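Novice: Got a structure here, written out as structure tokens. Questions coming.
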Amino acid sequence: MELRPILSTLRRHRIPALLLVLEIALTCAIVCNAVFLISQRLQRTQMASGVAESELVQIQLAAIGKPADAKARAQEDLALLRQLPGVTAAALVSQVPFTNSSSNTGIKLDPAQKLPTLNATMYMGEGLIGTYGVRLVAGRDFQADEYLDFDAMKSDPNLQSKVGSVIVTQALGERLWPGQSPLGKNIYLGETSVRVIGVVQALIRPSLFMGDDAAQWTMIFPLRMSAASASRYVLRTASGQREAVLEGAAKALRKADPHRIILEKKTLDDIRREFFRNDRAMAGILVGVIIALLVVTALGIVGLASFWVAQRRRTIGVRRALGATRRNILNYFQTENFLLATIGIALGMVLAYGINLFLMTHYELPRLPPIYFPVGAVVLWLIGQAAVLGPALRAAAVPPVVATRSV
Amino acid sequence: MIGYYLNLALRSLKRNKVLTALMVLAIAVGIGASMTTLTVLHVLSGDPLPGKSGELYYPQIDPQDARGMMPGTMPPEQVTLIDGTNLLRARQADRQALMAGGAVPIQPDASALDPFYVEARYTTADFFAMFDVPFLYGHGWTGIDDEAHVRDVVIARELNEKLFKGADSVGRTLRIGGTMFRIAGVLDSWRPNPHFYDLTTGSYNYYEQAFLPLQTALELRFAKNGSNDCWGNGTGGVVGGAYPSATCVWLQFWVELDSPARAAAYRQFLVRYSEEQKALGRFQRAPNVQLRNLMQWLDHNGVVPSDVRLQAWLAFGFLLVCLVNTVGLMLAKFLRRSGELGVRRALGASRRALLAQLLIESAVVGTAGGIGGLLLAFFGLWLVRHRSSDYAALVHLDAAMLLVTFALAISASLLAGLLPAWRASKVAPALQLKSN
């Protein structure tokens, strides 16, 4: 295919050609970034929690007035829950993944430090690791005699120093002591120190308020909660029995003490779905925008190409009369479109990179992976070719006899 | 003349229906998308108390210990109970209110209703007057009631519907957390968005159903919601019935100051207060004071979700593509009529007259695109409302945004028509006639 005649024609139709290039460039830039945003959002909704989500349910209670003996209440409730058919483990925990309530604290590696090293979240509750199904990768779980009562500890500062041990996540260990085993190391919370006795693979910080990078900075303490200091019971069961277990648990708990209200009973899957609903909504909007953009761009190409074909009817007729085949004419318009699309795509890539830089500084997005550039280019080339096909076929159908007529 | 041009425009647009439809569609889609996101942005970044917000201020002081102090850091976002109470009793502003969020169990007498929890606000007397809270029945309590720990409650209209079927319940009693309260007032519908006076409980779609005197709620040890920030040996008071300790900030304090001069004086007062407290040994840091008004406070907290801003950027990029598209299509349309335009020129129409004619044609396209865009925006907002996000239910198109839609559509299409019209009006009369 000879490019020279195409270039010389385009030079005479500079403004429409420029507009088409601009439109393709903008579309390319926006679509590349939008697809990247979608992948980021969807990836976020898959964030690992570290717990056996498909086997867990949560039931949250609130007491009307103060329970007479909050400690006994909790133990009685747990005994009841463990007897329910289908329940393999139960725990009263201080916090649950993907909910919006969490307790967090600054930690230090050296008590003389002026500022804390980082802020980590604190999980508490007897039997928490086994119930959640958190995987222990080094060290050991807490022993039964290691647990202290949270309520007693809170009201007596002397007891705080008795909480000697802590279990941390791999991510927190790696962040605090890069390349070393966290086992046996000390962490300081205020004045008191705790020793790392175990490492779990993962356990996500609820509410993620410190950002996604700090999602796995988690500590687990050997503290026993009471009905006054915690409100969330977590039950482990076979995934098919979750609904039945929730119903049974609600009924049993209400019967054991009617002076309370069930605030929430949900499977962990539902809790996760709700937590990430804004991300999914955003991804949905982006998909809509991408489709609309590609359609508008394709329609623009159809419109301009039709105009060009109509304008050049006579020239086409002359070319046909001089011996050009239909295929030659078809190829001419296809090549023209390919050329414009290529320039547009090249420009669009630069623009896409620029937009990505803007998003990186303002919306904490990572860098656009290079794979987006070739894929984006191929998609736009295909759309361009598909859009130009109709007008180009119409051009190829122009009979040679047009050359002999004056308009 | 305009009537004639309008007539010409309509004729010309009818002649090539496909191209016209494409242009209208491109503008409509672009306008529809950008208006949808702009409306969301407009609703979320709106003023929750128009006319009043300039007089409401959120004082911040720094009671933290000297450890970990760095120059240039902001004071905490809330106040301690001691400082809040001191500032409240100092009465240096026109009005002032100290508050915290919470949840209380409502125990209806009617056995048909099980006890249930509602979101509550524990606050002081000026709250209602300060924030222009509308009352359906009765009124709030007074400052004297605050000190007397009076068992009064103000309930929201929704709760009144639920408990008393909407009847005037002022003076009746209500059992809350085991204590009898007298209903002092019933609010009319009041849903400030964002929930500006306490952002720690979520910024949008959070509404309290019961308003209780702060001192009363604290005395009865009602549960609190929201966040607390502690230093030193302070603990957040997670154990039932305990509130955060003295070295924790967990309450919000608002003041009303009717002039900038009063605001400046209040800032001086806050500095003086900090110095006094430092002299007493309670504060360790040099006075670190902020006094932002309501809108500045919302802005400082970045209340509008960053997703919404991102969507607005995206929509404008989209509108840009649609505009470029329209420019191209209009250029195609106008240049095709070079012959007709040449004849008009030859018959004596000035270049300016051609330009006017073509721009009116663009404006017609713009108006049609605006109407289409409006319909699409309604559809888009309907989609947004049916999505599950915190702010979904709030999003509606108001009169101002309606006007903006049309202004945007017509100016966009005129802008898009400018280059093609100018280019087409440059046609040389003789040349066009000859070639035809």
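Every chain in the structure tokens has a letter given in the order shown (A, B, ...), and although residue numbers restart at 1 in each chain, ligands are simply numbered from 1 in the order shown.
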Specify as a ChimeraX atom specification all residues of chain A found within 8 Å of chain B, counting only C-alpha atoms.

Specialist: /A:16,19-20,22-23,26-27,30,64-66,114-115,151,154,190,228-230,261,277-278,281-282,289,292-293,296-297,299-300,303-304,307-308,311,363,406-407

Novice: Mind dumping the selected residues with N, CA and C atoms as a short mmCIF file (atom, residue, chain, number, x, y, z; two decimals), in the first residue's frame?

Specialist:
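File part20.cif, as written:
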data_model
loop_
_atom_site.label_atom_id
_atom_site.label_comp_id
_atom_site.auth_asym_id
_atom_site.auth_seq_id
_atom_site.Cartn_x
_atom_site.Cartn_y
_atom_site.Cartn_z
N PRO A 16 -9.98 17.98 10.40
CA PRO A 16 -10.71 16.76 10.76
C PRO A 16 -9.76 15.64 11.19
N LEU A 19 -8.60 16.25 14.67
CA LEU A 19 -9.66 16.00 15.66
C LEU A 19 -9.79 14.51 15.95
N LEU A 20 -9.71 13.73 14.86
CA LEU A 20 -9.84 12.28 15.04
C LEU A 20 -8.69 11.75 15.88
N LEU A 22 -6.96 13.40 18.06
CA LEU A 22 -7.15 13.88 19.42
C LEU A 22 -8.17 13.02 20.16
N GLU A 23 -9.26 12.69 19.48
CA GLU A 23 -10.31 11.91 20.11
C GLU A 23 -9.79 10.52 20.49
N LEU A 26 -7.38 10.84 23.52
CA LEU A 26 -8.07 11.03 24.80
C LEU A 26 -8.74 9.74 25.26
N THR A 27 -9.40 9.08 24.31
CA THR A 27 -10.07 7.83 24.66
C THR A 27 -9.07 6.81 25.17
N ILE A 30 -7.89 7.74 28.70
CA ILE A 30 -8.89 7.55 29.76
C ILE A 30 -9.17 6.06 29.96
N ILE A 64 -29.23 -4.39 77.72
CA ILE A 64 -30.01 -3.27 78.25
C ILE A 64 -29.67 -3.21 79.73
N GLY A 65 -29.04 -2.14 80.11
CA GLY A 65 -28.57 -2.07 81.49
C GLY A 65 -27.34 -2.94 81.65
N LYS A 66 -26.76 -2.94 82.85
CA LYS A 66 -25.52 -3.67 83.03
C LYS A 66 -25.78 -5.12 83.46
N LYS A 114 10.91 8.33 71.26
CA LYS A 114 9.97 9.43 71.51
C LYS A 114 8.65 9.16 70.81
N LEU A 115 8.73 8.73 69.55
CA LEU A 115 7.50 8.49 68.77
C LEU A 115 7.35 7.00 68.52
N ASP A 151 -11.18 -7.16 81.70
CA ASP A 151 -11.79 -6.15 82.58
C ASP A 151 -10.89 -5.87 83.79
N LYS A 154 -7.83 -3.86 82.74
CA LYS A 154 -8.08 -2.45 82.42
C LYS A 154 -8.16 -1.60 83.68
N GLY A 190 3.43 1.65 75.36
CA GLY A 190 3.61 2.55 76.48
C GLY A 190 4.81 2.10 77.29
N ALA A 228 -19.25 -7.39 79.21
CA ALA A 228 -19.22 -5.93 79.32
C ALA A 228 -18.20 -5.32 78.38
N SER A 229 -17.10 -6.03 78.11
CA SER A 229 -16.03 -5.43 77.33
C SER A 229 -16.04 -5.84 75.86
N ALA A 230 -16.85 -6.84 75.49
CA ALA A 230 -16.92 -7.22 74.08
C ALA A 230 -18.35 -7.59 73.76
N ILE A 261 -30.26 -7.01 73.26
CA ILE A 261 -30.77 -6.82 71.90
C ILE A 261 -29.72 -7.36 70.94
N ARG A 277 -18.49 -2.57 49.31
CA ARG A 277 -19.51 -2.22 48.32
C ARG A 277 -19.16 -0.95 47.54
N ASN A 278 -18.51 0.02 48.19
CA ASN A 278 -18.15 1.24 47.46
C ASN A 278 -17.15 0.93 46.35
N ALA A 281 -19.07 -0.60 43.49
CA ALA A 281 -19.88 0.42 42.82
C ALA A 281 -18.99 1.25 41.90
N MET A 282 -17.81 1.61 42.39
CA MET A 282 -16.89 2.42 41.59
C MET A 282 -16.48 1.64 40.34
N VAL A 289 -18.50 3.89 31.99
CA VAL A 289 -17.83 5.00 31.31
C VAL A 289 -16.98 4.48 30.14
N ALA A 292 -19.25 3.56 27.22
CA ALA A 292 -19.79 4.76 26.58
C ALA A 292 -18.71 5.48 25.77
N LEU A 293 -17.51 5.56 26.33
CA LEU A 293 -16.42 6.24 25.64
C LEU A 293 -16.08 5.56 24.33
N VAL A 296 -18.83 6.20 21.79
CA VAL A 296 -18.78 7.57 21.26
C VAL A 296 -17.63 7.71 20.26
N THR A 297 -16.48 7.17 20.61
CA THR A 297 -15.33 7.27 19.71
C THR A 297 -15.61 6.55 18.39
N LEU A 299 -18.49 6.00 17.04
CA LEU A 299 -19.47 6.78 16.28
C LEU A 299 -18.80 7.99 15.62
N GLY A 300 -17.87 8.61 16.33
CA GLY A 300 -17.14 9.75 15.76
C GLY A 300 -16.37 9.33 14.52
N GLY A 303 -18.80 8.84 11.68
CA GLY A 303 -19.28 10.12 11.17
C GLY A 303 -18.27 10.77 10.25
N LEU A 304 -17.02 10.88 10.72
CA LEU A 304 -16.00 11.56 9.92
C LEU A 304 -15.67 10.79 8.65
N PHE A 307 -18.29 11.30 6.10
CA PHE A 307 -18.14 12.62 5.49
C PHE A 307 -17.06 12.59 4.41
N TRP A 308 -15.93 11.98 4.76
CA TRP A 308 -14.82 11.93 3.81
C TRP A 308 -15.21 11.15 2.56
N GLN A 311 -17.41 13.25 0.47
CA GLN A 311 -16.70 14.36 -0.15
C GLN A 311 -15.84 13.88 -1.33
N TYR A 363 -4.24 10.31 44.27
CA TYR A 363 -5.14 9.26 44.74
C TYR A 363 -4.40 7.99 45.15
N SER A 406 -20.88 15.27 -13.36
CA SER A 406 -20.45 16.38 -12.53
C SER A 406 -21.42 16.48 -11.37
N VAL A 407 -21.08 15.92 -10.26
CA VAL A 407 -21.84 15.87 -9.01
C VAL A 407 -23.24 15.27 -9.19
#

Novice: Would you kindly return, as a list of chain:residue names, each protein, DNA or RNA residue with an atom no farther than 12 Å from any atom of Tyr207 (chain B), considering only C-alpha atoms and excluding same-chain residues fewer than 6 positions away?

Specialist: B:Gly101, B:Gly102, B:Ala103, B:Val118, B:Glu119, B:Ala120, B:Arg121, B:Ile155, B:Ala156, B:Arg157, B:Glu158, B:Leu159, B:Ser189, B:Trp190, B:Arg191, B:Pro192, B:Asn193, B:Pro194, B:His195, B:Phe196, B:Tyr197, B:Asp198, B:Leu199, B:Thr201

Novice: How would the residues just chosen look if you wrote them out with C-alpha atoms as a PDB file, in the first residue's frame?

Specialist:
ATOM      1  CA  GLY B 101     -22.376  10.372  70.078  1.00  0.00           C
ATOM      2  CA  GLY B 102     -23.861   7.272  71.654  1.00  0.00           C
ATOM      3  CA  ALA B 103     -26.493   4.591  71.511  1.00  0.00           C
ATOM      4  CA  VAL B 118     -31.239   3.947  68.671  1.00  0.00           C
ATOM      5  CA  GLU B 119     -28.354   6.265  67.828  1.00  0.00           C
ATOM      6  CA  ALA B 120     -28.280   9.107  70.341  1.00  0.00           C
ATOM      7  CA  ARG B 121     -26.545  12.412  70.863  1.00  0.00           C
ATOM      8  CA  ILE B 155     -36.724  12.578  70.116  1.00  0.00           C
ATOM      9  CA  ALA B 156     -36.675  12.598  66.325  1.00  0.00           C
ATOM     10  CA  ARG B 157     -39.882  12.590  64.303  1.00  0.00           C
ATOM     11  CA  GLU B 158     -39.230   9.028  63.118  1.00  0.00           C
ATOM     12  CA  LEU B 159     -38.969   7.707  66.677  1.00  0.00           C
ATOM     13  CA  SER B 189     -37.376  15.976  59.952  1.00  0.00           C
ATOM     14  CA  TRP B 190     -33.770  17.071  60.345  1.00  0.00           C
ATOM     15  CA  ARG B 191     -31.039  15.331  58.419  1.00  0.00           C
ATOM     16  CA  PRO B 192     -27.947  17.477  58.029  1.00  0.00           C
ATOM     17  CA  ASN B 193     -25.592  16.053  55.427  1.00  0.00           C
ATOM     18  CA  PRO B 194     -22.726  15.662  55.963  1.00  0.00           C
ATOM     19  CA  HIS B 195     -23.184  14.891  59.669  1.00  0.00           C
ATOM     20  CA  PHE B 196     -20.985  17.926  60.255  1.00  0.00           C
ATOM     21  CA  TYR B 197     -21.056  18.287  64.044  1.00  0.00           C
ATOM     22  CA  ASP B 198     -19.488  14.858  64.593  1.00  0.00           C
ATOM     23  CA  LEU B 199     -17.565  13.324  61.706  1.00  0.00           C
ATOM     24  CA  THR B 201     -19.515   8.502  63.486  1.00  0.00           C
TER      25      THR B 201
END

Novice: For Ala100 (chain B), list every protein, DNA or RNA residue within 12 Å, evaluated using only C-alpha atoms, and leave out those in the same chain fewer than 2 positions away; present the list as number ranges by chain.

Specialist: B: 78-81, 84, 97-98, 102-103, 119-124, 127, 197-201, 208, 211-215, 217-218, 222-228, 243-244, 249-254

Novice: Produce a file of the selected residues containing N, CA and C atoms, as a compact mmCIF listing (two decimals), in the first residue's frame.

Specialist:
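Dumped everything to selection_7.txt:
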# COMPACT_ATOMS: atom_id res chain seq x y z
N GLN B 78 -10.67 16.50 68.70
CA GLN B 78 -11.77 16.59 69.64
C GLN B 78 -11.23 17.17 70.95
N VAL B 79 -12.10 17.26 71.97
CA VAL B 79 -11.64 17.80 73.26
C VAL B 79 -11.83 16.78 74.37
N THR B 80 -11.09 16.99 75.48
CA THR B 80 -11.28 16.14 76.64
C THR B 80 -12.53 16.60 77.37
N LEU B 81 -13.02 15.78 78.29
CA LEU B 81 -14.22 16.15 79.04
C LEU B 81 -13.95 17.39 79.91
N GLY B 84 -13.62 20.50 77.59
CA GLY B 84 -14.93 20.79 77.04
C GLY B 84 -15.82 21.47 78.06
N ALA B 97 -21.88 24.46 72.55
CA ALA B 97 -22.42 23.13 72.87
C ALA B 97 -21.31 22.10 72.88
N LEU B 98 -21.35 21.25 73.90
CA LEU B 98 -20.40 20.15 74.05
C LEU B 98 -21.18 18.88 73.82
N GLY B 102 -23.66 8.47 70.85
CA GLY B 102 -23.86 7.27 71.65
C GLY B 102 -25.00 6.44 71.13
N ALA B 103 -25.34 5.42 71.88
CA ALA B 103 -26.49 4.59 71.51
C ALA B 103 -27.22 4.24 72.80
N GLU B 119 -29.50 5.37 67.75
CA GLU B 119 -28.35 6.26 67.83
C GLU B 119 -28.79 7.49 68.62
N ALA B 120 -27.91 7.97 69.51
CA ALA B 120 -28.28 9.11 70.34
C ALA B 120 -27.17 10.15 70.32
N ARG B 121 -27.54 11.36 70.69
CA ARG B 121 -26.55 12.41 70.86
C ARG B 121 -26.69 12.95 72.27
N TYR B 122 -25.57 12.97 72.99
CA TYR B 122 -25.55 13.55 74.33
C TYR B 122 -24.98 14.95 74.15
N THR B 123 -25.77 15.96 74.47
CA THR B 123 -25.30 17.31 74.17
C THR B 123 -25.81 18.29 75.20
N THR B 124 -25.45 19.57 75.02
CA THR B 124 -25.89 20.58 75.98
C THR B 124 -26.92 21.49 75.32
N PHE B 127 -27.37 23.36 71.69
CA PHE B 127 -27.29 22.57 70.46
C PHE B 127 -28.41 22.93 69.48
N TYR B 197 -21.46 17.98 62.67
CA TYR B 197 -21.06 18.29 64.04
C TYR B 197 -20.29 17.15 64.70
N ASP B 198 -20.32 15.96 64.11
CA ASP B 198 -19.49 14.86 64.59
C ASP B 198 -19.16 13.95 63.42
N LEU B 199 -17.93 14.10 62.89
CA LEU B 199 -17.57 13.32 61.71
C LEU B 199 -17.02 11.95 62.07
N THR B 200 -16.84 11.68 63.39
CA THR B 200 -16.23 10.41 63.78
C THR B 200 -17.24 9.26 63.68
N THR B 201 -18.51 9.57 63.57
CA THR B 201 -19.52 8.50 63.49
C THR B 201 -19.90 8.21 62.05
N GLU B 208 -29.26 10.76 64.43
CA GLU B 208 -29.62 10.36 65.79
C GLU B 208 -31.13 10.39 65.93
N PHE B 211 -31.99 12.78 71.64
CA PHE B 211 -31.03 13.79 72.09
C PHE B 211 -31.20 13.93 73.60
N LEU B 212 -30.10 13.67 74.35
CA LEU B 212 -30.17 13.67 75.81
C LEU B 212 -29.18 14.68 76.36
N PRO B 213 -29.50 15.28 77.52
CA PRO B 213 -28.52 16.18 78.15
C PRO B 213 -27.23 15.41 78.46
N LEU B 214 -26.10 16.01 78.09
CA LEU B 214 -24.81 15.34 78.22
C LEU B 214 -24.55 14.87 79.66
N GLN B 215 -24.75 15.78 80.63
CA GLN B 215 -24.46 15.43 82.03
C GLN B 215 -25.31 14.25 82.50
N ALA B 217 -26.60 11.85 80.57
CA ALA B 217 -26.14 10.63 79.92
C ALA B 217 -24.88 10.11 80.59
N LEU B 218 -23.96 11.05 80.95
CA LEU B 218 -22.71 10.63 81.57
C LEU B 218 -22.99 10.04 82.95
N PHE B 222 -24.42 5.97 79.93
CA PHE B 222 -24.90 5.47 78.64
C PHE B 222 -23.72 5.26 77.70
N ALA B 223 -23.84 4.25 76.82
CA ALA B 223 -22.72 3.88 75.94
C ALA B 223 -22.41 4.97 74.94
N LYS B 224 -21.12 5.16 74.66
CA LYS B 224 -20.74 6.18 73.67
C LYS B 224 -20.29 5.53 72.37
N ASN B 225 -20.47 6.29 71.28
CA ASN B 225 -19.98 5.87 69.96
C ASN B 225 -18.87 6.82 69.53
N GLY B 226 -18.29 6.57 68.39
CA GLY B 226 -17.31 7.51 67.86
C GLY B 226 -15.92 7.15 68.30
N SER B 227 -14.96 7.98 67.99
CA SER B 227 -13.57 7.61 68.24
C SER B 227 -13.03 8.38 69.43
N ASN B 228 -11.96 7.86 70.02
CA ASN B 228 -11.25 8.62 71.03
C ASN B 228 -9.76 8.47 70.79
N TYR B 243 -15.98 5.62 80.71
CA TYR B 243 -15.70 6.57 79.64
C TYR B 243 -14.20 6.71 79.48
N PRO B 244 -13.74 7.25 78.35
CA PRO B 244 -12.31 7.44 78.17
C PRO B 244 -11.73 8.28 79.31
N VAL B 249 -9.13 12.59 74.18
CA VAL B 249 -10.11 13.49 73.58
C VAL B 249 -11.20 12.63 72.96
N TRP B 250 -12.45 12.98 73.22
CA TRP B 250 -13.54 12.18 72.69
C TRP B 250 -14.86 12.94 72.55
N LEU B 251 -14.85 14.25 72.83
CA LEU B 251 -16.08 15.03 72.68
C LEU B 251 -15.88 16.13 71.62
N GLN B 252 -17.00 16.57 71.06
CA GLN B 252 -16.94 17.66 70.10
C GLN B 252 -17.46 18.92 70.77
N PHE B 253 -16.81 20.04 70.48
CA PHE B 253 -17.23 21.31 71.06
C PHE B 253 -17.42 22.34 69.94
N TRP B 254 -18.61 22.92 69.87
CA TRP B 254 -18.92 23.92 68.84
C TRP B 254 -19.30 25.25 69.48

Novice: I'd like the contact shell of Thr325 (chain A) - 12 Å cut-off, only C-alpha atoms, skipping same-chain residues fewer than 3 positions apart - returned as a PyMOL selection string.

Specialist: chain A and resi 316-322+328-332+395-400

Novice: Separation of CA of Glu340 (chain B) and CA of Gly390 (chain A), in Å?

Specialist: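 For CA of Glu340 (chain B) relative to CA of Gly390 (chain A), the distance reads 27.5 Å.
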
Novice: Would you mind listing what lies within 8 Å of region 294-296 of chain B as an MDAnalysis selection string, with only C-alpha atoms counted and same-chain residues fewer than 6 positions away left out?

Specialist: chainID B and resid 47 53:58 196

Novice: Just write the chosen residues, C-alpha atoms, as a short mmCIF file (atom, residue, chain, number, x, y, z; two decimals), in the first residue's frame.

Specialist:
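Wrote it out as again39.cif, contents follow:
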data_model
loop_
_atom_site.label_atom_id
_atom_site.label_comp_id
_atom_site.auth_asym_id
_atom_site.auth_seq_id
_atom_site.Cartn_x
_atom_site.Cartn_y
_atom_site.Cartn_z
CA ASP B 47 -23.35 23.45 52.93
CA SER B 53 -22.42 27.89 58.67
CA GLY B 54 -20.23 31.03 58.57
CA GLU B 55 -21.03 31.73 62.23
CA LEU B 56 -20.34 28.25 63.56
CA TYR B 57 -16.81 27.46 64.66
CA TYR B 58 -15.01 24.34 65.86
CA PHE B 196 -20.98 17.93 60.25
#

Novice: Just want the 10 Å neighbourhood of Pro67 (chain A), counted on only C-alpha atoms, with same-chain residues fewer than 6 positions away dropped. Output as a PyMOL selection string.

Specialist: (chain A and resi 73+227-228+257+259-260) or (chain B and resi 240)

Novice: Which of region 22-158 of chain B end up as helix (DSSP H, G or I) when DSSP is run on this backbone - answer as a short mmCIF file (atom, residue, chain, number, x, y, z; two decimals) with N, CA and C atoms, in the first residue's frame?

Specialist:
data_model
loop_
_atom_site.label_atom_id
_atom_site.label_comp_id
_atom_site.auth_asym_id
_atom_site.auth_seq_id
_atom_site.Cartn_x
_atom_site.Cartn_y
_atom_site.Cartn_z
N LEU B 22 -26.12 11.72 15.67
CA LEU B 22 -24.82 11.41 16.27
C LEU B 22 -24.32 12.57 17.12
N MET B 23 -24.49 13.79 16.58
CA MET B 23 -24.01 14.97 17.32
C MET B 23 -24.78 15.14 18.61
N VAL B 24 -26.13 15.06 18.49
CA VAL B 24 -26.97 15.24 19.68
C VAL B 24 -26.63 14.17 20.72
N LEU B 25 -26.45 12.95 20.24
CA LEU B 25 -26.16 11.84 21.14
C LEU B 25 -24.83 12.06 21.86
N ALA B 26 -23.81 12.49 21.09
CA ALA B 26 -22.49 12.69 21.69
C ALA B 26 -22.58 13.72 22.80
N ILE B 27 -23.25 14.86 22.52
CA ILE B 27 -23.36 15.90 23.55
C ILE B 27 -24.18 15.40 24.72
N ALA B 28 -25.30 14.71 24.41
CA ALA B 28 -26.18 14.24 25.48
C ALA B 28 -25.45 13.28 26.42
N VAL B 29 -24.70 12.34 25.85
CA VAL B 29 -23.99 11.36 26.68
C VAL B 29 -22.94 12.07 27.54
N GLY B 30 -22.19 12.98 26.92
CA GLY B 30 -21.16 13.72 27.67
C GLY B 30 -21.77 14.53 28.79
N ILE B 31 -22.85 15.26 28.46
CA ILE B 31 -23.50 16.10 29.48
C ILE B 31 -24.11 15.22 30.56
N GLY B 32 -24.77 14.16 30.14
CA GLY B 32 -25.42 13.27 31.11
C GLY B 32 -24.42 12.73 32.12
N ALA B 33 -23.28 12.25 31.63
CA ALA B 33 -22.28 11.67 32.54
C ALA B 33 -21.70 12.73 33.46
N SER B 34 -21.35 13.90 32.88
CA SER B 34 -20.70 14.88 33.76
C SER B 34 -21.70 15.49 34.74
N MET B 35 -22.98 15.63 34.32
CA MET B 35 -23.94 16.19 35.26
C MET B 35 -24.24 15.21 36.39
N THR B 36 -24.25 13.93 36.09
CA THR B 36 -24.49 12.94 37.15
C THR B 36 -23.41 13.07 38.23
N THR B 37 -22.16 13.07 37.80
CA THR B 37 -21.09 13.11 38.80
C THR B 37 -21.02 14.48 39.47
N LEU B 38 -21.29 15.55 38.68
CA LEU B 38 -21.25 16.89 39.28
C LEU B 38 -22.32 17.02 40.35
N THR B 39 -23.50 16.44 40.08
CA THR B 39 -24.59 16.52 41.06
C THR B 39 -24.19 15.79 42.34
N VAL B 40 -23.59 14.62 42.20
CA VAL B 40 -23.15 13.88 43.38
C VAL B 40 -22.15 14.74 44.17
N LEU B 41 -21.20 15.33 43.45
CA LEU B 41 -20.18 16.17 44.09
C LEU B 41 -20.85 17.37 44.78
N HIS B 42 -21.82 17.97 44.08
CA HIS B 42 -22.52 19.15 44.58
C HIS B 42 -23.28 18.82 45.87
N VAL B 43 -23.96 17.67 45.85
CA VAL B 43 -24.74 17.27 47.02
C VAL B 43 -23.82 16.98 48.20
N LEU B 44 -22.71 16.27 47.93
CA LEU B 44 -21.84 15.85 49.03
C LEU B 44 -20.99 16.98 49.58
N SER B 53 -23.69 28.59 58.50
CA SER B 53 -22.42 27.89 58.67
C SER B 53 -21.25 28.84 58.90
N GLY B 54 -21.33 30.08 58.40
CA GLY B 54 -20.23 31.03 58.57
C GLY B 54 -20.05 31.46 60.02
N GLU B 55 -21.10 31.26 60.84
CA GLU B 55 -21.03 31.73 62.23
C GLU B 55 -20.71 30.60 63.21
N LEU B 81 -13.02 15.78 78.29
CA LEU B 81 -14.22 16.15 79.04
C LEU B 81 -13.95 17.39 79.91
N ILE B 82 -12.75 17.45 80.51
CA ILE B 82 -12.42 18.59 81.38
C ILE B 82 -12.38 19.88 80.58
N ASP B 83 -11.64 19.88 79.46
CA ASP B 83 -11.53 21.11 78.67
C ASP B 83 -12.88 21.51 78.09
N GLY B 84 -13.62 20.50 77.59
CA GLY B 84 -14.93 20.79 77.04
C GLY B 84 -15.82 21.47 78.06
N THR B 85 -15.83 20.93 79.27
CA THR B 85 -16.67 21.49 80.32
C THR B 85 -16.20 22.90 80.71
N ASN B 86 -14.87 23.08 80.81
CA ASN B 86 -14.33 24.41 81.13
C ASN B 86 -14.75 25.43 80.08
N LEU B 87 -14.58 25.08 78.79
CA LEU B 87 -14.90 26.01 77.71
C LEU B 87 -16.39 26.31 77.69
N LEU B 88 -17.18 25.28 77.97
CA LEU B 88 -18.64 25.44 77.99
C LEU B 88 -19.04 26.42 79.08
N ARG B 89 -18.44 26.25 80.27
CA ARG B 89 -18.84 27.09 81.41
C ARG B 89 -18.28 28.49 81.29
N ALA B 90 -17.20 28.68 80.51
CA ALA B 90 -16.62 30.01 80.35
C ALA B 90 -17.57 30.94 79.60
N PHE B 127 -27.37 23.36 71.69
CA PHE B 127 -27.29 22.57 70.46
C PHE B 127 -28.41 22.93 69.48
N PHE B 128 -29.65 22.95 69.99
CA PHE B 128 -30.81 23.10 69.11
C PHE B 128 -30.87 24.49 68.47
N ALA B 129 -30.63 25.52 69.28
CA ALA B 129 -30.69 26.88 68.75
C ALA B 129 -29.52 27.15 67.81
N MET B 130 -28.36 26.61 68.17
CA MET B 130 -27.15 26.85 67.39
C MET B 130 -27.24 26.29 65.99
N GLY B 143 -29.98 25.55 79.87
CA GLY B 143 -28.67 25.40 80.48
C GLY B 143 -28.78 25.00 81.95
N ILE B 144 -29.81 25.50 82.61
CA ILE B 144 -30.01 25.15 84.04
C ILE B 144 -30.33 23.66 84.15
N ASP B 145 -31.15 23.15 83.19
CA ASP B 145 -31.47 21.72 83.17
C ASP B 145 -30.20 20.89 83.03
N ASP B 146 -29.26 21.40 82.20
CA ASP B 146 -28.00 20.69 82.01
C ASP B 146 -27.31 20.45 83.34
N GLU B 147 -27.18 21.55 84.12
CA GLU B 147 -26.49 21.45 85.41
C GLU B 147 -27.26 20.57 86.39
N ARG B 157 -38.54 12.82 64.81
CA ARG B 157 -39.88 12.59 64.30
C ARG B 157 -40.13 11.10 64.04
N GLU B 158 -39.10 10.45 63.47
CA GLU B 158 -39.23 9.03 63.12
C GLU B 158 -39.53 8.17 64.36
#

Novice: Within region 255-302 of chain B, find each residue whose DSSP state, derived from the backbone, is strand (DSSP E), and express the selection as a list in words.

Specialist: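 Filtering region 255-302 of chain B down to strand (DSSP E) leaves Val255, Glu256, Gln290, Leu291, Arg292 and Asn293 of chain B.
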